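K.L.:
To be precise about what I am sending: the file is called entry-v4.csv and holds CSV, N, CA and C atoms.
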```csv
chain,number,residue,atom,x,y,z
T,17,MET,N,0.9,-1.2,0.0
T,17,MET,CA,0.0,0.0,0.0
T,17,MET,C,0.9,1.2,0.0
T,18,THR,N,0.5,2.3,-0.7
T,18,THR,CA,1.2,3.5,-0.8
T,18,THR,C,0.5,4.6,0.0
T,19,GLU,N,1.2,5.7,0.3
T,19,GLU,CA,0.6,6.8,1.0
T,19,GLU,C,-0.4,7.5,0.2
T,20,VAL,N,-1.3,8.2,0.9
T,20,VAL,CA,-2.3,9.0,0.3
T,20,VAL,C,-1.7,10.3,-0.2
T,21,HIS,N,-2.1,10.8,-1.3
T,21,HIS,CA,-1.6,12.1,-1.9
T,21,HIS,C,-2.8,13.0,-2.0
T,22,ARG,N,-2.7,14.1,-1.2
T,22,ARG,CA,-3.8,15.1,-1.3
T,22,ARG,C,-3.6,16.1,-2.5
T,23,GLY,N,-4.6,16.4,-3.2
T,23,GLY,CA,-4.5,17.3,-4.3
T,23,GLY,C,-4.9,18.7,-4.0
T,24,ASP,N,-4.9,19.5,-5.1
T,24,ASP,CA,-5.4,20.8,-4.9
T,24,ASP,C,-6.8,20.9,-5.6
T,25,LYS,N,-7.2,22.1,-6.1
T,25,LYS,CA,-8.5,22.3,-6.7
T,25,LYS,C,-8.7,21.5,-8.0
T,26,THR,N,-7.6,21.3,-8.7
T,26,THR,CA,-7.7,20.6,-10.0
T,26,THR,C,-7.0,19.3,-10.2
T,27,SER,N,-6.1,19.0,-9.4
T,27,SER,CA,-5.3,17.7,-9.6
T,27,SER,C,-4.6,17.2,-8.4
T,28,VAL,N,-4.0,16.1,-8.5
T,28,VAL,CA,-3.2,15.5,-7.4
T,28,VAL,C,-2.0,14.8,-8.1
T,29,ALA,N,-0.9,15.0,-7.4
T,29,ALA,CA,0.4,14.4,-7.9
T,29,ALA,C,0.4,13.0,-7.4
T,30,GLY,N,0.8,12.1,-8.3
T,30,GLY,CA,0.9,10.7,-8.0
T,30,GLY,C,2.2,10.3,-7.4
T,31,HIS,N,2.4,9.1,-7.2
T,31,HIS,CA,3.7,8.6,-6.6
T,31,HIS,C,4.4,7.9,-7.7
T,32,ASP,N,5.7,7.7,-7.5
T,32,ASP,CA,6.5,7.0,-8.4
T,32,ASP,C,6.3,5.5,-8.2
T,33,ILE,N,5.9,4.8,-9.2
T,33,ILE,CA,5.7,3.3,-9.1
T,33,ILE,C,6.9,2.6,-9.7
T,34,LYS,N,7.5,1.8,-9.0
T,34,LYS,CA,8.7,1.1,-9.5
T,34,LYS,C,8.3,-0.2,-10.1
T,35,LYS,N,9.0,-0.7,-11.1
T,35,LYS,CA,8.7,-1.9,-11.8
T,35,LYS,C,8.4,-3.0,-10.9
T,36,GLY,N,7.2,-3.6,-11.1
T,36,GLY,CA,6.8,-4.7,-10.3
T,36,GLY,C,6.3,-4.4,-8.9
T,37,SER,N,6.3,-3.1,-8.5
T,37,SER,CA,6.0,-2.8,-7.1
T,37,SER,C,4.5,-2.7,-6.8
T,38,ASP,N,3.7,-2.3,-7.7
T,38,ASP,CA,2.2,-2.1,-7.5
T,38,ASP,C,1.5,-2.8,-8.7
T,39,ASP,N,0.4,-3.4,-8.3
T,39,ASP,CA,-0.4,-4.0,-9.4
T,39,ASP,C,-1.7,-3.3,-9.6
T,40,SER,N,-2.0,-2.3,-8.8
T,40,SER,CA,-3.3,-1.5,-9.0
T,40,SER,C,-3.2,-0.2,-8.2
T,41,GLU,N,-4.1,0.7,-8.5
T,41,GLU,CA,-4.3,2.0,-7.8
T,41,GLU,C,-5.7,2.3,-7.8
T,42,TRP,N,-6.1,3.2,-6.9
T,42,TRP,CA,-7.5,3.6,-6.8
T,42,TRP,C,-7.5,5.1,-6.6
T,43,HIS,N,-8.4,5.8,-7.3
T,43,HIS,CA,-8.6,7.2,-7.0
T,43,HIS,C,-10.0,7.5,-7.3
T,44,SER,N,-10.4,8.7,-6.9
T,44,SER,CA,-11.8,9.1,-7.1
T,44,SER,C,-11.9,10.5,-7.8
T,45,HIS,N,-13.0,10.7,-8.4
T,45,HIS,CA,-13.4,12.0,-9.0
T,45,HIS,C,-14.5,12.5,-8.1
T,46,GLY,N,-14.2,13.6,-7.4
T,46,GLY,CA,-15.0,14.0,-6.2
T,46,GLY,C,-16.3,14.6,-6.5
T,47,GLN,N,-16.6,15.2,-7.7
T,47,GLN,CA,-17.8,15.8,-7.9
T,47,GLN,C,-18.1,16.1,-9.4
T,48,TYR,N,-19.3,16.5,-9.7
T,48,TYR,CA,-19.6,16.9,-11.1
T,48,TYR,C,-19.3,18.4,-11.2
T,49,THR,N,-18.6,18.8,-12.3
T,49,THR,CA,-18.2,20.1,-12.5
T,49,THR,C,-18.4,20.6,-13.9
T,50,LYS,N,-18.3,21.9,-14.1
T,50,LYS,CA,-18.4,22.5,-15.4
T,50,LYS,C,-17.5,23.7,-15.4
T,51,GLN,N,-17.0,24.1,-16.6
T,51,GLN,CA,-16.2,25.3,-16.8
T,51,GLN,C,-17.1,26.5,-17.0
T,52,THR,N,-16.8,27.6,-16.3
T,52,THR,CA,-17.6,28.8,-16.5
T,52,THR,C,-16.6,30.0,-16.7
T,53,LYS,N,-17.0,31.1,-16.9
T,53,LYS,CA,-16.1,32.3,-17.0
T,53,LYS,C,-15.4,32.5,-15.7
T,54,ASP,N,-15.9,32.0,-14.6
T,54,ASP,CA,-15.3,32.2,-13.3
T,54,ASP,C,-14.4,31.0,-12.9
T,55,GLY,N,-14.3,30.0,-13.8
T,55,GLY,CA,-13.4,28.9,-13.6
T,55,GLY,C,-14.3,27.6,-13.5
T,56,ILE,N,-13.7,26.6,-12.9
T,56,ILE,CA,-14.4,25.3,-12.7
T,56,ILE,C,-15.3,25.4,-11.4
T,57,VAL,N,-16.6,25.1,-11.6
T,57,VAL,CA,-17.5,25.2,-10.5
T,57,VAL,C,-18.4,23.9,-10.4
T,58,PRO,N,-18.9,23.6,-9.2
T,58,PRO,CA,-19.7,22.4,-9.0
T,58,PRO,C,-21.0,22.5,-9.9
T,59,THR,N,-21.5,21.4,-10.3
T,59,THR,CA,-22.8,21.4,-11.1
T,59,THR,C,-23.5,20.1,-10.8
T,60,THR,N,-24.6,19.9,-11.5
T,60,THR,CA,-25.4,18.7,-11.4
T,60,THR,C,-24.9,17.6,-12.4
T,61,PRO,N,-25.3,16.4,-12.2
T,61,PRO,CA,-24.8,15.3,-13.1
T,61,PRO,C,-25.1,15.6,-14.6
T,62,ASP,N,-26.3,16.1,-14.9
T,62,ASP,CA,-26.7,16.4,-16.3
T,62,ASP,C,-25.9,17.5,-16.9
T,63,LYS,N,-25.3,18.4,-16.1
T,63,LYS,CA,-24.5,19.5,-16.7
T,63,LYS,C,-23.0,19.3,-16.6
T,64,ASP,N,-22.6,18.1,-16.1
T,64,ASP,CA,-21.2,17.8,-15.9
T,64,ASP,C,-20.4,17.8,-17.2
T,65,GLN,N,-19.3,18.5,-17.3
T,65,GLN,CA,-18.6,18.6,-18.6
T,65,GLN,C,-17.4,17.7,-18.6
T,66,TYR,N,-17.1,17.0,-17.5
T,66,TYR,CA,-15.9,16.2,-17.4
T,66,TYR,C,-16.1,14.7,-17.4
T,67,ASN,N,-17.3,14.2,-17.6
T,67,ASN,CA,-17.6,12.8,-17.6
T,67,ASN,C,-17.0,12.2,-16.3
T,68,SER,N,-17.3,12.8,-15.2
T,68,SER,CA,-16.7,12.5,-13.9
T,68,SER,C,-16.9,11.1,-13.4
T,69,ASP,N,-17.9,10.4,-13.9
T,69,ASP,CA,-18.1,9.0,-13.4
T,69,ASP,C,-17.2,8.0,-14.1
T,70,ASN,N,-16.4,8.5,-15.1
T,70,ASN,CA,-15.5,7.6,-15.9
T,70,ASN,C,-14.0,8.0,-15.8
T,71,PHE,N,-13.2,7.2,-16.3
T,71,PHE,CA,-11.8,7.5,-16.4
T,71,PHE,C,-11.5,8.7,-17.3
T,72,SER,N,-10.6,9.5,-17.0
T,72,SER,CA,-10.3,10.6,-17.8
T,72,SER,C,-9.2,10.2,-18.8
T,73,GLY,N,-8.9,10.9,-19.8
T,73,GLY,CA,-7.8,10.6,-20.7
T,73,GLY,C,-6.5,10.5,-20.0
T,74,PRO,N,-6.1,11.5,-19.1
T,74,PRO,CA,-4.9,11.3,-18.4
T,74,PRO,C,-4.9,10.1,-17.4
T,75,ASP,N,-6.0,9.7,-16.9
T,75,ASP,CA,-6.1,8.5,-16.1
T,75,ASP,C,-5.7,7.3,-16.9
T,76,VAL,N,-6.2,7.2,-18.1
T,76,VAL,CA,-5.9,6.0,-18.9
T,76,VAL,C,-4.4,6.1,-19.4
T,77,GLU,N,-3.9,7.2,-19.8
T,77,GLU,CA,-2.5,7.4,-20.2
T,77,GLU,C,-1.6,6.9,-19.0
T,78,ASN,N,-1.9,7.4,-17.8
T,78,ASN,CA,-1.1,7.0,-16.7
T,78,ASN,C,-1.1,5.5,-16.4
T,79,ALA,N,-2.2,4.9,-16.5
T,79,ALA,CA,-2.3,3.4,-16.3
T,79,ALA,C,-1.6,2.7,-17.4
T,80,ASN,N,-1.7,3.2,-18.6
T,80,ASN,CA,-1.0,2.5,-19.7
T,80,ASN,C,0.5,2.6,-19.5
T,81,ASP,N,1.0,3.8,-19.1
T,81,ASP,CA,2.4,4.0,-18.9
T,81,ASP,C,2.9,3.0,-17.8
T,82,ILE,N,2.2,3.0,-16.7
T,82,ILE,CA,2.6,2.1,-15.6
T,82,ILE,C,2.5,0.6,-16.0
T,83,GLY,N,1.5,0.3,-16.8
T,83,GLY,CA,1.3,-1.1,-17.3
T,83,GLY,C,2.5,-1.6,-18.2
T,84,LYS,N,3.2,-0.6,-18.8
T,84,LYS,CA,4.4,-1.1,-19.6
T,84,LYS,C,5.4,-1.8,-18.8
T,85,THR,N,5.6,-1.4,-17.5
T,85,THR,CA,6.6,-2.0,-16.7
T,85,THR,C,6.0,-2.9,-15.6
T,86,ASN,N,4.7,-2.8,-15.4
T,86,ASN,CA,4.0,-3.7,-14.4
T,86,ASN,C,2.9,-4.4,-15.2
T,87,PRO,N,3.2,-5.5,-15.8
T,87,PRO,CA,2.1,-6.3,-16.6
T,87,PRO,C,0.9,-6.6,-15.7
T,88,GLY,N,-0.2,-6.4,-16.2
T,88,GLY,CA,-1.5,-6.7,-15.5
T,88,GLY,C,-1.9,-5.6,-14.6
T,89,TYR,N,-1.3,-4.4,-14.7
T,89,TYR,CA,-1.6,-3.3,-13.8
T,89,TYR,C,-3.1,-2.9,-14.1
T,90,GLN,N,-3.8,-2.6,-13.0
T,90,GLN,CA,-5.2,-2.1,-13.1
T,90,GLN,C,-5.4,-0.9,-12.3
T,91,SER,N,-6.3,0.0,-12.8
T,91,SER,CA,-6.6,1.2,-12.2
T,91,SER,C,-8.1,1.2,-11.9
T,92,TYR,N,-8.5,1.8,-10.7
T,92,TYR,CA,-9.9,1.9,-10.3
T,92,TYR,C,-10.2,3.3,-10.1
T,93,VAL,N,-11.4,3.7,-10.5
T,93,VAL,CA,-11.9,5.0,-10.2
T,93,VAL,C,-13.3,5.0,-9.6
T,94,SER,N,-13.6,5.7,-8.6
T,94,SER,CA,-15.0,5.9,-8.1
T,94,SER,C,-15.4,7.3,-8.5
T,95,GLY,N,-16.7,7.3,-9.0
T,95,GLY,CA,-17.2,8.6,-9.5
T,95,GLY,C,-18.1,9.2,-8.4
T,96,PRO,N,-18.5,10.5,-8.6
T,96,PRO,CA,-19.3,11.2,-7.7
T,96,PRO,C,-20.7,10.6,-7.5
T,97,GLY,N,-21.2,9.8,-8.5
T,97,GLY,CA,-22.5,9.1,-8.4
T,97,GLY,C,-22.4,7.8,-7.8
T,98,GLY,N,-21.2,7.4,-7.3
T,98,GLY,CA,-21.1,6.1,-6.5
T,98,GLY,C,-20.7,5.0,-7.3
T,99,SER,N,-20.4,5.2,-8.6
T,99,SER,CA,-20.0,4.0,-9.5
T,99,SER,C,-18.5,3.7,-9.2
T,100,VAL,N,-18.1,2.5,-9.5
T,100,VAL,CA,-16.7,2.1,-9.4
T,100,VAL,C,-16.4,1.4,-10.8
T,101,ARG,N,-15.3,1.8,-11.4
T,101,ARG,CA,-14.9,1.2,-12.7
T,101,ARG,C,-13.4,0.8,-12.5
T,102,LYS,N,-13.1,-0.3,-13.3
T,102,LYS,CA,-11.8,-0.8,-13.3
T,102,LYS,C,-11.2,-0.7,-14.8
T,103,TYR,N,-10.0,-0.2,-14.9
T,103,TYR,CA,-9.3,-0.2,-16.2
T,103,TYR,C,-8.2,-1.1,-16.2
T,104,ASP,N,-8.1,-2.1,-17.1
T,104,ASP,CA,-7.1,-3.1,-17.3
T,104,ASP,C,-6.1,-2.6,-18.3
T,105,SER,N,-4.9,-2.2,-17.9
T,105,SER,CA,-3.9,-1.7,-18.9
T,105,SER,C,-3.5,-2.7,-19.9
T,106,GLY,N,-3.6,-4.0,-19.6
T,106,GLY,CA,-3.2,-5.0,-20.6
T,106,GLY,C,-4.2,-5.1,-21.7
T,107,SER,N,-5.5,-5.1,-21.4
T,107,SER,CA,-6.5,-5.3,-22.4
T,107,SER,C,-7.1,-4.0,-22.9
T,108,GLY,N,-6.9,-2.9,-22.1
T,108,GLY,CA,-7.5,-1.6,-22.5
T,108,GLY,C,-9.0,-1.6,-22.2
T,109,GLN,N,-9.5,-2.6,-21.4
T,109,GLN,CA,-11.0,-2.6,-21.2
T,109,GLN,C,-11.3,-2.0,-19.9
T,110,VAL,N,-12.5,-1.4,-19.9
T,110,VAL,CA,-13.1,-0.8,-18.7
T,110,VAL,C,-14.3,-1.7,-18.3
T,111,THR,N,-14.3,-2.1,-17.0
T,111,THR,CA,-15.4,-2.9,-16.4
T,111,THR,C,-16.1,-2.1,-15.3
T,112,VAL,N,-17.4,-2.1,-15.4
T,112,VAL,CA,-18.1,-1.5,-14.3
T,112,VAL,C,-18.2,-2.5,-13.1
T,113,VAL,N,-17.5,-2.1,-12.0
T,113,VAL,CA,-17.5,-3.0,-10.8
T,113,VAL,C,-18.7,-2.8,-10.0
T,114,LYS,N,-19.2,-1.5,-9.9
T,114,LYS,CA,-20.4,-1.2,-9.1
T,114,LYS,C,-21.1,0.0,-9.9
T,115,LYS,N,-22.3,-0.2,-10.1
T,115,LYS,CA,-23.1,0.9,-10.8
T,115,LYS,C,-23.4,1.9,-9.7
T,116,GLY,N,-23.5,3.2,-10.2
T,116,GLY,CA,-23.8,4.3,-9.3
T,116,GLY,C,-25.1,4.9,-9.6
T,117,ASN,N,-25.4,5.9,-8.9
T,117,ASN,CA,-26.7,6.6,-9.0
T,117,ASN,C,-26.4,8.1,-9.0
T,118,PRO,N,-26.2,8.7,-10.2
T,118,PRO,CA,-25.8,10.1,-10.3
T,118,PRO,C,-26.8,11.0,-9.6
T,119,ASP,N,-28.0,10.6,-9.4
T,119,ASP,CA,-29.0,11.5,-8.8
T,119,ASP,C,-28.7,11.7,-7.3
T,120,VAL,N,-27.9,10.8,-6.7
T,120,VAL,CA,-27.6,11.0,-5.3
T,120,VAL,C,-26.4,11.9,-5.0
T,121,ALA,N,-25.6,12.2,-6.1
T,121,ALA,CA,-24.4,13.0,-5.9
T,121,ALA,C,-24.8,14.4,-5.7
T,122,LYS,N,-24.1,15.1,-4.8
T,122,LYS,CA,-24.3,16.5,-4.6
T,122,LYS,C,-23.0,17.2,-4.8
T,123,PRO,N,-23.1,18.4,-5.5
T,123,PRO,CA,-21.9,19.2,-5.7
T,123,PRO,C,-21.2,19.6,-4.3
T,124,VAL,N,-19.9,19.6,-4.3
T,124,VAL,CA,-19.2,20.1,-3.1
T,124,VAL,C,-18.4,21.3,-3.5
T,125,VAL,N,-17.3,21.6,-2.9
T,125,VAL,CA,-16.6,22.9,-3.0
T,125,VAL,C,-15.7,23.1,-4.2
T,126,CYS,N,-14.8,22.1,-4.5
T,126,CYS,CA,-13.8,22.4,-5.5
T,126,CYS,C,-13.9,21.5,-6.7
T,127,GLY,N,-13.2,21.9,-7.8
T,127,GLY,CA,-13.3,21.2,-9.1
T,127,GLY,C,-12.4,20.0,-9.2
T,128,ASN,N,-12.5,19.2,-10.3
T,128,ASN,CA,-11.8,18.0,-10.4
T,128,ASN,C,-10.9,18.0,-11.6
T,129,GLY,N,-10.6,19.1,-12.3
T,129,GLY,CA,-9.7,19.1,-13.4
T,129,GLY,C,-9.8,20.3,-14.2
T,130,SER,N,-8.7,20.9,-14.7
T,130,SER,CA,-8.8,22.1,-15.6
T,130,SER,C,-8.6,21.7,-17.0
T,131,LYS,N,-8.2,20.5,-17.4
T,131,LYS,CA,-8.1,20.1,-18.8
T,131,LYS,C,-9.4,19.6,-19.3
T,132,ASP,N,-9.4,19.6,-20.7
T,132,ASP,CA,-10.6,19.1,-21.3
T,132,ASP,C,-10.6,17.6,-21.2
T,133,LEU,N,-11.4,17.0,-20.3
T,133,LEU,CA,-11.4,15.6,-20.0
T,133,LEU,C,-12.5,14.8,-20.8
T,134,LYS,N,-13.0,15.5,-21.8
T,134,LYS,CA,-14.1,14.8,-22.6
T,134,LYS,C,-13.5,13.6,-23.4
T,135,GLN,N,-12.2,13.6,-23.5
T,135,GLN,CA,-11.5,12.5,-24.2
T,135,GLN,C,-11.4,11.3,-23.2
T,136,CYS,N,-12.5,10.8,-22.8
T,136,CYS,CA,-12.5,9.8,-21.8
T,136,CYS,C,-12.9,8.4,-22.4
T,137,VAL,N,-12.5,7.4,-21.6
T,137,VAL,CA,-12.9,6.0,-21.9
T,137,VAL,C,-14.3,5.8,-21.3
T,138,ASN,N,-15.2,5.3,-22.1
T,138,ASN,CA,-16.6,5.1,-21.6
T,138,ASN,C,-16.8,3.6,-21.4
```
Can you present the structure in this file as structure tokens?
P.N.:
Amino acid sequence: MTEVHRGDKTSVAGHDIKKGSDDSEWHSHGQYTKQTKDGIVPTTPDKDQYNSDNFSGPDVENANDIGKTNPGYQSYVSGPGGSVRKYDSGSGQVTVVKKGNPDVAKPVVCGNGSKDLKQCVN
């Protein structure tokens, strides 16, 4: 197990994974957000601009990079609606481990990313 890394308003720095040291990681997307003239702000699931219940493009790129030296590496993400998804870097497949309910998610204080994360794996 590795230590927890606290992020800021838009991102979190990961840890260095050494070859063969980790076979999976877990992270969460804390809320539904949208970009406005005032920056990234909380929103409702139907107005979410970042596909927050799914892996982002950078999430997948990171898992694929780690998977190059750690065969079978898997990444998990929990979304603000309560879903849990698994990404397998070997096969490139996403599996829904637990279905969520976006209607129960409530916006909180800070955003979850400043890049265009619409390039997501569904």
K.L.:
May I have the residues within 5 Å of Tyr103 (chain T) as number ranges by chain, using all atoms listed in the file and disregarding those fewer than 6 positions away in the same chain?
P.N.:
T: 90-92, 109-110
K.L.:
Give the answer as one residue: which of T:Arg101, T:Pro96, T:His43, T:Val112 has the shortest atom-to-atom distance to Thr59 (chain T), using only C-alpha atoms?
P.N.:
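Using only C-alpha atoms, the shortest distance to Thr59 (chain T) belongs to T:Pro96.
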K.L.:
Applying 8 Å and only N, CA and C atoms, which residues near Asn80 (chain T) remain after dropping the ones on its own chain fewer than 5 positions away? List them as an NGL selection string.
P.N.:
:T and (74-75 or 85-86 or 89 or 104-106)
K.L.:
Counting only C-alpha atoms, what is within 8 Å of Gln51 (chain T), bar same-chain residues fewer than 5 positions away, as a PyMOL selection string?
P.N.:
chain T and resi 56-57+65
K.L.:
I need the chosen residues saved as a PDB file, keeping the file's coordinate frame, with N, CA and C atoms.
P.N.:
```pdb
ATOM      1  N   ILE T  56     -13.700  26.600 -12.900  1.00  0.00           N
ATOM      2  CA  ILE T  56     -14.400  25.300 -12.700  1.00  0.00           C
ATOM      3  C   ILE T  56     -15.300  25.400 -11.400  1.00  0.00           C
ATOM      4  N   VAL T  57     -16.600  25.100 -11.600  1.00  0.00           N
ATOM      5  CA  VAL T  57     -17.500  25.200 -10.500  1.00  0.00           C
ATOM      6  C   VAL T  57     -18.400  23.900 -10.400  1.00  0.00           C
ATOM      7  N   GLN T  65     -19.300  18.500 -17.300  1.00  0.00           N
ATOM      8  CA  GLN T  65     -18.600  18.600 -18.600  1.00  0.00           C
ATOM      9  C   GLN T  65     -17.400  17.700 -18.600  1.00  0.00           C
TER      10      GLN T  65
END
```
K.L.:
Interatomic distance between CA of Val113 (chain T) and atom N of Gly88 (chain T)?
P.N.:
18.4 Å
K.L.:
Could you check how far atom C of Gln47 (chain T) sits from CA of Ala79 (chain T), in Å to one decimal?
P.N.:
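One can read the atom C of Gln47 (chain T) to CA of Ala79 (chain T) distance as 21.4 Å.
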K.L.:
From (-25.4, 23.3, -11.6), in the file's coordinates, out to 10 Å: which residues are reached, counting only C-alpha atoms? Answer as a list of chain:residue names.
P.N.:
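All residues meeting the 10 Å criterion around (-25.4, 23.3, -11.6) are T:Tyr48, T:Thr49, T:Lys50, T:Val57, T:Pro58, T:Thr59, T:Thr60, T:Pro61, T:Asp62, T:Lys63, T:Asp64, T:Lys122, T:Pro123.
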K.L.:
For a test of reading the model, state the distance in Å between atom N of Asp69 (chain T) and CA of Gly108 (chain T), rounded to one decimal.
P.N.:
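Taking atom N of Asp69 (chain T) and CA of Gly108 (chain T), their separation equals 18.1 Å.
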K.L.:
Taking only N, CA and C atoms into account, which of T:Asn70, T:Ser99, T:Ser94, T:Ser44 comes nearest Lys115 (chain T)?
P.N.:
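Of the candidates, the smallest distance to Lys115 (chain T) is held by T:Ser99.
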